[in-house]
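So this one's protein10.txt, compact mmCIF, N, CA and C atoms:
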```txt
# COMPACT_ATOMS: atom_id res chain seq x y z
N MET Z 1 19.93 142.47 221.42
CA MET Z 1 19.81 141.72 220.20
C MET Z 1 19.37 140.31 220.54
N TYR Z 2 18.40 139.82 219.77
CA TYR Z 2 17.89 138.48 219.96
C TYR Z 2 18.10 137.68 218.69
N PRO Z 3 18.42 136.40 218.80
CA PRO Z 3 18.50 135.59 217.58
C PRO Z 3 17.09 135.30 217.08
N PHE Z 4 16.89 135.39 215.77
CA PHE Z 4 15.61 135.13 215.16
C PHE Z 4 15.74 134.05 214.11
N VAL Z 5 14.65 133.36 213.90
CA VAL Z 5 14.51 132.44 212.78
C VAL Z 5 13.32 132.95 211.99
N ALA Z 6 13.46 133.02 210.68
CA ALA Z 6 12.36 133.50 209.85
C ALA Z 6 11.90 132.39 208.94
N GLY Z 7 10.60 132.34 208.70
CA GLY Z 7 10.02 131.38 207.78
C GLY Z 7 9.00 132.06 206.91
N VAL Z 8 8.86 131.62 205.66
CA VAL Z 8 7.94 132.23 204.71
C VAL Z 8 6.96 131.17 204.22
N SER Z 9 5.68 131.50 204.25
CA SER Z 9 4.64 130.68 203.65
C SER Z 9 3.99 131.54 202.58
N SER Z 10 3.96 131.06 201.33
CA SER Z 10 3.52 131.92 200.25
C SER Z 10 2.55 131.20 199.32
N ARG Z 11 1.41 131.87 199.06
CA ARG Z 11 0.45 131.36 198.07
C ARG Z 11 0.81 131.87 196.68
N THR Z 12 1.22 133.13 196.59
CA THR Z 12 1.69 133.75 195.36
C THR Z 12 2.85 134.66 195.75
N SER Z 13 3.47 135.30 194.75
CA SER Z 13 4.61 136.16 195.06
C SER Z 13 4.21 137.38 195.88
N ALA Z 14 2.93 137.76 195.89
CA ALA Z 14 2.50 138.93 196.64
C ALA Z 14 1.59 138.58 197.81
N GLU Z 15 1.25 137.32 198.01
CA GLU Z 15 0.41 136.90 199.14
C GLU Z 15 1.21 135.92 199.97
N GLU Z 16 1.66 136.37 201.13
CA GLU Z 16 2.53 135.52 201.93
C GLU Z 16 2.48 135.90 203.39
N THR Z 17 2.95 134.99 204.21
CA THR Z 17 3.09 135.24 205.64
C THR Z 17 4.54 134.96 206.00
N VAL Z 18 5.15 135.92 206.70
CA VAL Z 18 6.52 135.76 207.18
C VAL Z 18 6.45 135.70 208.70
N GLY Z 19 7.02 134.66 209.27
CA GLY Z 19 7.05 134.51 210.72
C GLY Z 19 8.46 134.64 211.24
N PHE Z 20 8.61 135.33 212.36
CA PHE Z 20 9.89 135.46 213.03
C PHE Z 20 9.76 134.78 214.39
N TYR Z 21 10.72 133.93 214.70
CA TYR Z 21 10.68 133.13 215.92
C TYR Z 21 11.96 133.34 216.71
N ASP Z 22 11.87 133.27 218.04
CA ASP Z 22 13.09 133.40 218.84
C ASP Z 22 13.89 132.10 218.76
N SER Z 23 15.06 132.10 219.37
CA SER Z 23 15.97 130.95 219.24
C SER Z 23 15.40 129.67 219.84
N LEU Z 24 14.37 129.76 220.67
CA LEU Z 24 13.74 128.57 221.24
C LEU Z 24 12.48 128.18 220.48
N GLY Z 25 12.21 128.86 219.37
CA GLY Z 25 11.05 128.53 218.55
C GLY Z 25 9.78 129.26 218.94
N GLY Z 26 9.87 130.20 219.89
CA GLY Z 26 8.69 130.97 220.29
C GLY Z 26 8.33 132.00 219.24
N PRO Z 27 7.03 132.12 218.90
CA PRO Z 27 6.63 133.09 217.88
C PRO Z 27 6.75 134.52 218.39
N VAL Z 28 7.48 135.36 217.64
CA VAL Z 28 7.70 136.75 218.02
C VAL Z 28 6.84 137.69 217.19
N LEU Z 29 6.85 137.50 215.88
CA LEU Z 29 6.23 138.47 214.98
C LEU Z 29 5.78 137.76 213.72
N PHE Z 30 4.60 138.14 213.22
CA PHE Z 30 4.11 137.62 211.95
C PHE Z 30 3.72 138.80 211.07
N LEU Z 31 4.15 138.77 209.82
CA LEU Z 31 3.79 139.78 208.84
C LEU Z 31 2.91 139.09 207.80
N LEU Z 32 1.67 139.49 207.71
CA LEU Z 32 0.73 138.90 206.77
C LEU Z 32 0.52 139.87 205.63
N ASN Z 33 0.86 139.45 204.43
CA ASN Z 33 0.70 140.28 203.24
C ASN Z 33 -0.40 139.64 202.40
N ASP Z 34 -1.50 140.36 202.21
CA ASP Z 34 -2.61 139.82 201.43
C ASP Z 34 -2.60 140.28 199.98
N GLY Z 35 -1.51 140.88 199.53
CA GLY Z 35 -1.40 141.39 198.17
C GLY Z 35 -1.75 142.86 198.07
N GLY Z 36 -2.32 143.43 199.12
CA GLY Z 36 -2.66 144.84 199.11
C GLY Z 36 -2.14 145.58 200.32
N SER Z 37 -2.04 144.87 201.46
CA SER Z 37 -1.55 145.52 202.67
C SER Z 37 -0.82 144.50 203.54
N VAL Z 38 -0.01 145.02 204.44
CA VAL Z 38 0.74 144.18 205.37
C VAL Z 38 0.18 144.42 206.77
N THR Z 39 -0.17 143.32 207.44
CA THR Z 39 -0.67 143.39 208.81
C THR Z 39 0.37 142.73 209.71
N ILE Z 40 0.65 143.35 210.85
CA ILE Z 40 1.65 142.84 211.77
C ILE Z 40 0.94 142.26 212.99
N PHE Z 41 1.28 141.02 213.33
CA PHE Z 41 0.74 140.36 214.50
C PHE Z 41 1.88 140.03 215.45
N ARG Z 42 1.66 140.29 216.72
CA ARG Z 42 2.64 139.94 217.75
C ARG Z 42 2.44 138.49 218.15
N GLY Z 43 3.53 137.78 218.34
CA GLY Z 43 3.47 136.41 218.82
C GLY Z 43 3.56 136.37 220.33
N ASP Z 44 3.37 135.18 220.90
CA ASP Z 44 3.42 135.00 222.36
C ASP Z 44 4.77 135.36 222.95
N ALA Z 45 5.86 135.26 222.18
CA ALA Z 45 7.20 135.54 222.68
C ALA Z 45 7.68 136.94 222.30
N ALA Z 46 6.75 137.83 221.96
CA ALA Z 46 7.14 139.15 221.46
C ALA Z 46 7.81 140.02 222.51
N GLY Z 47 7.47 139.89 223.76
CA GLY Z 47 8.05 140.77 224.77
C GLY Z 47 7.72 142.22 224.47
N ASP Z 48 8.73 143.09 224.47
CA ASP Z 48 8.52 144.52 224.20
C ASP Z 48 8.57 144.87 222.72
N PHE Z 49 8.90 143.89 221.89
CA PHE Z 49 9.02 144.17 220.46
C PHE Z 49 8.10 143.26 219.69
N PRO Z 50 7.35 143.77 218.75
CA PRO Z 50 7.12 145.17 218.45
C PRO Z 50 6.09 145.75 219.40
N VAL Z 51 5.91 147.05 219.31
CA VAL Z 51 4.93 147.69 220.17
C VAL Z 51 3.54 147.17 219.81
N PRO Z 52 2.63 147.11 220.78
CA PRO Z 52 1.28 146.61 220.50
C PRO Z 52 0.50 147.54 219.57
N ASN Z 53 -0.55 147.01 218.98
CA ASN Z 53 -1.52 147.77 218.17
C ASN Z 53 -0.90 148.48 216.98
N LEU Z 54 -0.08 147.78 216.22
CA LEU Z 54 0.47 148.36 215.00
C LEU Z 54 -0.60 148.34 213.92
N ALA Z 55 -0.72 149.43 213.19
CA ALA Z 55 -1.75 149.55 212.16
C ALA Z 55 -1.37 148.77 210.91
N GLN Z 56 -2.39 148.35 210.20
CA GLN Z 56 -2.19 147.71 208.91
C GLN Z 56 -1.63 148.75 207.95
N ALA Z 57 -0.67 148.36 207.11
CA ALA Z 57 -0.03 149.30 206.20
C ALA Z 57 -0.33 148.91 204.75
N PRO Z 58 -0.97 149.81 203.99
CA PRO Z 58 -1.17 149.52 202.58
C PRO Z 58 0.19 149.43 201.89
N ALA Z 59 0.49 148.30 201.28
CA ALA Z 59 1.81 148.10 200.71
C ALA Z 59 1.75 147.62 199.26
N GLY Z 60 0.60 147.19 198.80
CA GLY Z 60 0.51 146.66 197.45
C GLY Z 60 1.19 145.31 197.35
N PRO Z 61 1.53 144.90 196.16
CA PRO Z 61 2.06 143.55 195.94
C PRO Z 61 3.55 143.40 196.26
N VAL Z 62 3.94 143.72 197.49
CA VAL Z 62 5.33 143.58 197.89
C VAL Z 62 5.57 142.13 198.33
N SER Z 63 6.74 141.60 198.03
CA SER Z 63 7.09 140.24 198.44
C SER Z 63 8.12 140.31 199.56
N LEU Z 64 7.69 139.98 200.77
CA LEU Z 64 8.60 139.97 201.91
C LEU Z 64 9.61 138.84 201.79
N GLY Z 65 9.21 137.73 201.22
CA GLY Z 65 10.13 136.62 201.00
C GLY Z 65 11.26 137.00 200.05
N ARG Z 66 10.93 137.75 199.00
CA ARG Z 66 11.97 138.21 198.07
C ARG Z 66 12.93 139.16 198.77
N ILE Z 67 12.41 140.05 199.63
CA ILE Z 67 13.28 140.98 200.36
C ILE Z 67 14.25 140.19 201.24
N LEU Z 68 13.75 139.19 201.96
CA LEU Z 68 14.62 138.39 202.83
C LEU Z 68 15.64 137.58 202.05
N SER Z 69 15.33 137.24 200.79
CA SER Z 69 16.28 136.47 199.99
C SER Z 69 17.22 137.36 199.18
N GLY Z 70 17.12 138.69 199.35
CA GLY Z 70 18.05 139.60 198.69
C GLY Z 70 17.62 140.11 197.34
N ALA Z 71 16.33 140.03 197.03
CA ALA Z 71 15.81 140.51 195.75
C ALA Z 71 14.91 141.71 195.99
N PRO Z 72 14.58 142.49 194.94
CA PRO Z 72 13.67 143.62 195.12
C PRO Z 72 12.31 143.16 195.62
N GLY Z 73 11.72 143.92 196.52
CA GLY Z 73 10.42 143.58 197.09
C GLY Z 73 9.27 143.73 196.12
N TYR Z 74 9.36 144.69 195.21
CA TYR Z 74 8.35 144.89 194.17
C TYR Z 74 8.97 144.53 192.83
N SER Z 75 8.13 144.17 191.88
CA SER Z 75 8.63 143.98 190.52
C SER Z 75 9.20 145.31 190.04
N VAL Z 76 10.28 145.25 189.31
CA VAL Z 76 10.90 146.45 188.77
C VAL Z 76 10.22 146.76 187.44
N GLU Z 77 9.48 147.87 187.42
CA GLU Z 77 8.68 148.19 186.24
C GLU Z 77 9.05 149.53 185.62
N GLY Z 78 10.08 150.17 186.11
CA GLY Z 78 10.43 151.46 185.55
C GLY Z 78 11.48 152.12 186.41
N GLY Z 79 11.64 153.41 186.21
CA GLY Z 79 12.64 154.15 186.96
C GLY Z 79 13.86 154.40 186.11
N GLU Z 80 14.60 155.38 186.50
CA GLU Z 80 15.82 155.74 185.79
C GLU Z 80 17.03 155.30 186.60
N PRO Z 81 17.98 154.63 185.97
CA PRO Z 81 19.20 154.25 186.70
C PRO Z 81 20.09 155.46 186.94
N GLY Z 82 20.79 155.43 188.05
CA GLY Z 82 21.74 156.48 188.40
C GLY Z 82 22.88 155.86 189.20
N ARG Z 83 23.78 156.71 189.68
CA ARG Z 83 24.90 156.21 190.48
C ARG Z 83 25.10 157.09 191.69
N THR Z 84 25.54 156.46 192.79
CA THR Z 84 25.88 157.21 193.99
C THR Z 84 27.34 157.64 193.89
N PRO Z 85 27.79 158.57 194.72
CA PRO Z 85 29.21 158.95 194.71
C PRO Z 85 30.14 157.76 195.02
N GLU Z 86 29.61 156.73 195.71
CA GLU Z 86 30.42 155.55 196.04
C GLU Z 86 30.46 154.54 194.90
N GLY Z 87 29.75 154.79 193.81
CA GLY Z 87 29.77 153.90 192.66
C GLY Z 87 28.64 152.90 192.61
N GLU Z 88 27.73 152.91 193.61
CA GLU Z 88 26.59 152.00 193.58
C GLU Z 88 25.63 152.42 192.46
N TRP Z 89 24.98 151.45 191.85
CA TRP Z 89 23.92 151.75 190.91
C TRP Z 89 22.63 151.93 191.69
N VAL Z 90 21.78 152.86 191.25
CA VAL Z 90 20.52 153.16 191.94
C VAL Z 90 19.40 153.12 190.92
N LEU Z 91 18.29 152.48 191.31
CA LEU Z 91 17.08 152.51 190.50
C LEU Z 91 15.94 152.87 191.44
N GLU Z 92 15.21 153.94 191.12
CA GLU Z 92 14.17 154.43 192.01
C GLU Z 92 12.86 154.56 191.26
N ASP Z 93 11.78 154.11 191.91
CA ASP Z 93 10.44 154.41 191.43
C ASP Z 93 9.62 154.88 192.63
N GLU Z 94 8.31 154.98 192.48
CA GLU Z 94 7.50 155.56 193.57
C GLU Z 94 7.42 154.68 194.81
N ARG Z 95 7.74 153.37 194.71
CA ARG Z 95 7.61 152.47 195.87
C ARG Z 95 8.93 152.05 196.48
N GLN Z 96 10.01 152.05 195.70
CA GLN Z 96 11.27 151.50 196.19
C GLN Z 96 12.46 152.20 195.55
N THR Z 97 13.56 152.20 196.28
CA THR Z 97 14.85 152.64 195.76
C THR Z 97 15.80 151.47 195.96
N LEU Z 98 16.38 150.99 194.88
CA LEU Z 98 17.25 149.82 194.92
C LEU Z 98 18.69 150.24 194.66
N PHE Z 99 19.61 149.70 195.45
CA PHE Z 99 21.03 149.99 195.31
C PHE Z 99 21.75 148.69 195.02
N SER Z 100 22.55 148.68 193.96
CA SER Z 100 23.33 147.46 193.67
C SER Z 100 24.80 147.75 193.89
N ASP Z 101 25.58 146.68 193.92
CA ASP Z 101 27.02 146.85 194.03
C ASP Z 101 27.53 147.52 192.75
N PRO Z 102 28.75 148.06 192.74
CA PRO Z 102 29.24 148.77 191.56
C PRO Z 102 29.24 147.94 190.27
N SER Z 103 29.36 146.63 190.36
CA SER Z 103 29.36 145.80 189.14
C SER Z 103 27.94 145.39 188.74
N ARG Z 104 26.93 145.79 189.49
CA ARG Z 104 25.51 145.49 189.25
C ARG Z 104 25.20 143.99 189.27
N ARG Z 105 25.93 143.23 190.10
CA ARG Z 105 25.70 141.79 190.19
C ARG Z 105 24.61 141.44 191.18
N PHE Z 106 24.40 142.26 192.22
CA PHE Z 106 23.42 141.92 193.24
C PHE Z 106 22.96 143.16 193.99
N LEU Z 107 21.81 143.02 194.65
CA LEU Z 107 21.24 144.10 195.44
C LEU Z 107 22.01 144.22 196.75
N SER Z 108 22.50 145.43 197.06
CA SER Z 108 23.25 145.62 198.30
C SER Z 108 22.38 146.24 199.40
N ARG Z 109 21.38 147.03 199.01
CA ARG Z 109 20.45 147.60 199.97
C ARG Z 109 19.24 148.14 199.22
N ALA Z 110 18.17 148.40 199.97
CA ALA Z 110 16.95 148.91 199.36
C ALA Z 110 16.19 149.74 200.38
N GLU Z 111 15.39 150.66 199.88
CA GLU Z 111 14.50 151.46 200.72
C GLU Z 111 13.10 151.35 200.13
N TYR Z 112 12.14 151.04 201.00
CA TYR Z 112 10.76 150.90 200.59
C TYR Z 112 9.93 151.94 201.30
N ARG Z 113 8.86 152.41 200.64
CA ARG Z 113 7.98 153.41 201.22
C ARG Z 113 6.60 152.78 201.39
N PHE Z 114 6.16 152.71 202.65
CA PHE Z 114 4.84 152.21 202.97
C PHE Z 114 4.11 153.26 203.78
N ARG Z 115 3.06 153.84 203.19
CA ARG Z 115 2.21 154.78 203.92
C ARG Z 115 3.02 155.86 204.64
N GLY Z 116 3.95 156.44 203.94
CA GLY Z 116 4.75 157.52 204.49
C GLY Z 116 5.91 157.08 205.37
N ARG Z 117 6.05 155.79 205.59
CA ARG Z 117 7.16 155.28 206.40
C ARG Z 117 8.24 154.71 205.50
N ARG Z 118 9.45 154.90 205.94
CA ARG Z 118 10.61 154.38 205.21
C ARG Z 118 11.07 153.09 205.89
N VAL Z 119 11.21 152.04 205.10
CA VAL Z 119 11.74 150.77 205.57
C VAL Z 119 13.06 150.55 204.83
N ALA Z 120 14.15 150.50 205.58
CA ALA Z 120 15.48 150.33 204.99
C ALA Z 120 15.93 148.88 205.20
N VAL Z 121 16.39 148.26 204.13
CA VAL Z 121 16.89 146.89 204.19
C VAL Z 121 18.30 146.91 203.61
N SER Z 122 19.24 146.31 204.32
CA SER Z 122 20.60 146.23 203.80
C SER Z 122 21.11 144.80 203.94
N TYR Z 123 22.08 144.48 203.13
CA TYR Z 123 22.67 143.15 203.08
C TYR Z 123 24.18 143.26 203.28
N PRO Z 124 24.64 143.59 204.49
CA PRO Z 124 26.07 143.80 204.72
C PRO Z 124 26.87 142.53 204.50
N GLY Z 125 28.04 142.70 203.93
CA GLY Z 125 28.93 141.56 203.69
C GLY Z 125 28.54 140.71 202.49
N ARG Z 126 27.55 141.13 201.75
CA ARG Z 126 27.10 140.35 200.59
C ARG Z 126 28.12 140.48 199.47
N GLU Z 127 28.60 139.35 198.98
CA GLU Z 127 29.61 139.36 197.94
C GLU Z 127 29.24 138.50 196.74
N ALA Z 128 28.01 137.95 196.74
CA ALA Z 128 27.58 137.09 195.65
C ALA Z 128 26.07 137.27 195.44
N PRO Z 129 25.57 136.90 194.27
CA PRO Z 129 24.15 137.12 194.00
C PRO Z 129 23.19 136.16 194.71
N GLY Z 130 23.68 135.14 195.40
CA GLY Z 130 22.80 134.22 196.11
C GLY Z 130 22.19 134.87 197.35
N PRO Z 131 21.47 134.09 198.15
CA PRO Z 131 20.88 134.66 199.37
C PRO Z 131 21.94 135.30 200.26
N PRO Z 132 21.65 136.47 200.80
CA PRO Z 132 22.65 137.19 201.61
C PRO Z 132 22.88 136.52 202.97
N PRO Z 133 24.10 136.60 203.51
CA PRO Z 133 24.36 136.01 204.82
C PRO Z 133 23.74 136.79 205.97
N VAL Z 134 23.51 138.10 205.78
CA VAL Z 134 22.92 138.95 206.82
C VAL Z 134 21.90 139.88 206.16
N VAL Z 135 20.76 140.05 206.83
CA VAL Z 135 19.74 140.99 206.39
C VAL Z 135 19.45 141.92 207.57
N LYS Z 136 19.62 143.22 207.36
CA LYS Z 136 19.30 144.21 208.39
C LYS Z 136 18.07 144.98 207.92
N ILE Z 137 17.08 145.07 208.81
CA ILE Z 137 15.83 145.76 208.50
C ILE Z 137 15.64 146.85 209.55
N GLU Z 138 15.33 148.07 209.10
CA GLU Z 138 15.09 149.17 210.02
C GLU Z 138 13.78 149.85 209.66
N VAL Z 139 12.88 149.94 210.65
CA VAL Z 139 11.60 150.60 210.49
C VAL Z 139 11.40 151.53 211.68
N SER Z 140 11.26 152.81 211.43
CA SER Z 140 10.98 153.79 212.48
C SER Z 140 11.90 153.65 213.69
N GLY Z 141 13.18 153.44 213.45
CA GLY Z 141 14.15 153.34 214.54
C GLY Z 141 14.30 151.96 215.14
N SER Z 142 13.37 151.04 214.87
CA SER Z 142 13.51 149.66 215.33
C SER Z 142 14.31 148.87 214.31
N LYS Z 143 15.20 148.02 214.79
CA LYS Z 143 16.08 147.26 213.90
C LYS Z 143 15.97 145.77 214.16
N ILE Z 144 15.98 145.01 213.08
CA ILE Z 144 16.03 143.55 213.14
C ILE Z 144 17.23 143.13 212.31
N VAL Z 145 18.06 142.25 212.86
CA VAL Z 145 19.20 141.70 212.13
C VAL Z 145 18.99 140.20 212.02
N LEU Z 146 18.99 139.71 210.79
CA LEU Z 146 18.82 138.27 210.53
C LEU Z 146 20.11 137.73 209.93
N ARG Z 147 20.60 136.64 210.48
CA ARG Z 147 21.79 135.99 209.93
C ARG Z 147 21.39 134.63 209.41
N ARG Z 148 21.86 134.31 208.23
CA ARG Z 148 21.56 133.03 207.60
C ARG Z 148 22.55 131.99 208.09
N ASP Z 149 22.05 130.86 208.55
CA ASP Z 149 22.91 129.76 208.95
C ASP Z 149 23.49 129.09 207.72
N VAL Z 150 24.73 128.66 207.81
CA VAL Z 150 25.37 127.91 206.74
C VAL Z 150 24.94 126.46 206.88
N GLU Z 151 24.40 125.90 205.82
CA GLU Z 151 23.92 124.52 205.88
C GLU Z 151 24.98 123.56 205.42
```

What is this file in structure tokens?
Amino acid sequence: MYPFVAGVSSRTSAEETVGFYDSLGGPVLFLLNDGGSVTIFRGDAAGDFPVPNLAQAPAGPVSLGRILSGAPGYSVEGGEPGRTPEGEWVLEDERQTLFSDPSRRFLSRAEYRFRGRRVAVSYPGREAPGPPPVVKIEVSGSKIVLRRDVE
């Protein structure tokens, strides 16, 4: 596990660049979203993660900044609400499945589908609707854990 710092630069809600940096400020990973697809670039401090030559993924107008701040990555435009056996509320459409806490105050986890791949995002320990203290991202068995510093 490596400590990461993430930063978001955004022109619009669907056009943004998210950078991940190691604890010394070395660039590890950049995700460039042009409003239609996400391209992954390795930074100089990437080491073995992520693997080289990752393909561009058609993703549409997903907001990576919203995902990191604990909100749905796509605008919610439909879907039928349901409940899990644990009492979570679920809203699913063709691009995302959103899970909220039982009181429906905040997003507790989400699953996104990009080009046949499942990206799971969870917010463990989240107890309020503000930015989550921890964000866990899992893509194809690779995991990134981001912890928010208390200011």

* Asked: Using only N, CA and C atoms, which of the listed residues (Z:Val76, Z:Leu146, Z:Val139, Z:Val28) sits closest to Arg117 of chain Z?
  ->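 Among Z:Val76, Z:Leu146, Z:Val139, Z:Val28, it is Z:Val139 that comes nearest to Arg117 of chain Z.
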
* Counting all atoms listed in the file, what is within 5 Å of Pro61 of chain Z, bar same-chain residues fewer than 2 positions away, as a list in words? -> Ala14, Gly35, Ala59 and Ser63 of chain Z

* Expressed in Å to a single decimal, how great is the separation between atom N of Phe30 of chain Z and atom N of Val18 of chain Z? ->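 Pair atom N of Phe30 of chain Z / atom N of Val18 of chain Z returns 6.9 Å.
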
* Using only C-alpha atoms, which of the listed residues (Z:Glu77, Z:Glu138, Z:Asp149, Z:Glu111) sits closest to Val90 of chain Z? ->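 Distance minimum relative to Val90 of chain Z lands on Z:Glu111.
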
* Interatomic distance between atom CA of Phe20 of chain Z and atom CA of Gly125 of chain Z? -> 22.1 Å

* Atomic separation - atom N of Arg147 of chain Z relative to atom CA of Val119 of chain Z, Å ->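 That distance, rounded to one decimal, is 17.4 Å.
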
* Asked: With only N, CA and C atoms as the atoms that count, which of Z:Pro124, Z:Gly19, Z:Gly130, Z:Gly70 lies nearest to Leu32 of chain Z?
  -> Z:Gly19

* Find the residues around Lys136 of chain Z up to 6 Å (only N, CA and C atoms counted), leave out those fewer than 4 positions away in its own chain, and share them as an MDAnalysis selection string. => chainID Z and resid 120:124 144:146

* **Selection: 6.5 Å around Ala57 of chain Z, only N, CA and C atoms, excl. self and same-chain fewer than 5 positions, as a PyMOL selection string** => chain Z and resi 36-40+114-115

* Determine the nearest neighbour of Gly65 of chain Z from the options Z:Val135, Z:Arg118, Z:Thr17, Z:Arg148, counting all atoms listed in the file. =>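 The closest residue to Gly65 of chain Z is Z:Thr17.
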
* So which bits of chain Z end up strand (DSSP E or B) when you DSSP the backbone, as number ranges by chain? -> Z: 4-12, 15-22, 27-34, 37-42, 57-58, 80-83, 89-92, 96-100, 107-114, 117-122, 134-139, 142-147

* **Nearest to Ser108 of chain Z by atom-to-atom distance, counting only N, CA and C atoms, from Z:Ser23, Z:Lys143, Z:Leu91, Z:Arg126** =>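 Looking only at the distances to Ser108 of chain Z, the closest residue turns out to be Z:Arg126.
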
* Asked: With only C-alpha atoms as the basis for distance, which of Z:Gly87, Z:Gly141, Z:Gly60, Z:Gly7 is at the shortest distance from Phe99 of chain Z?
  -> Z:Gly87
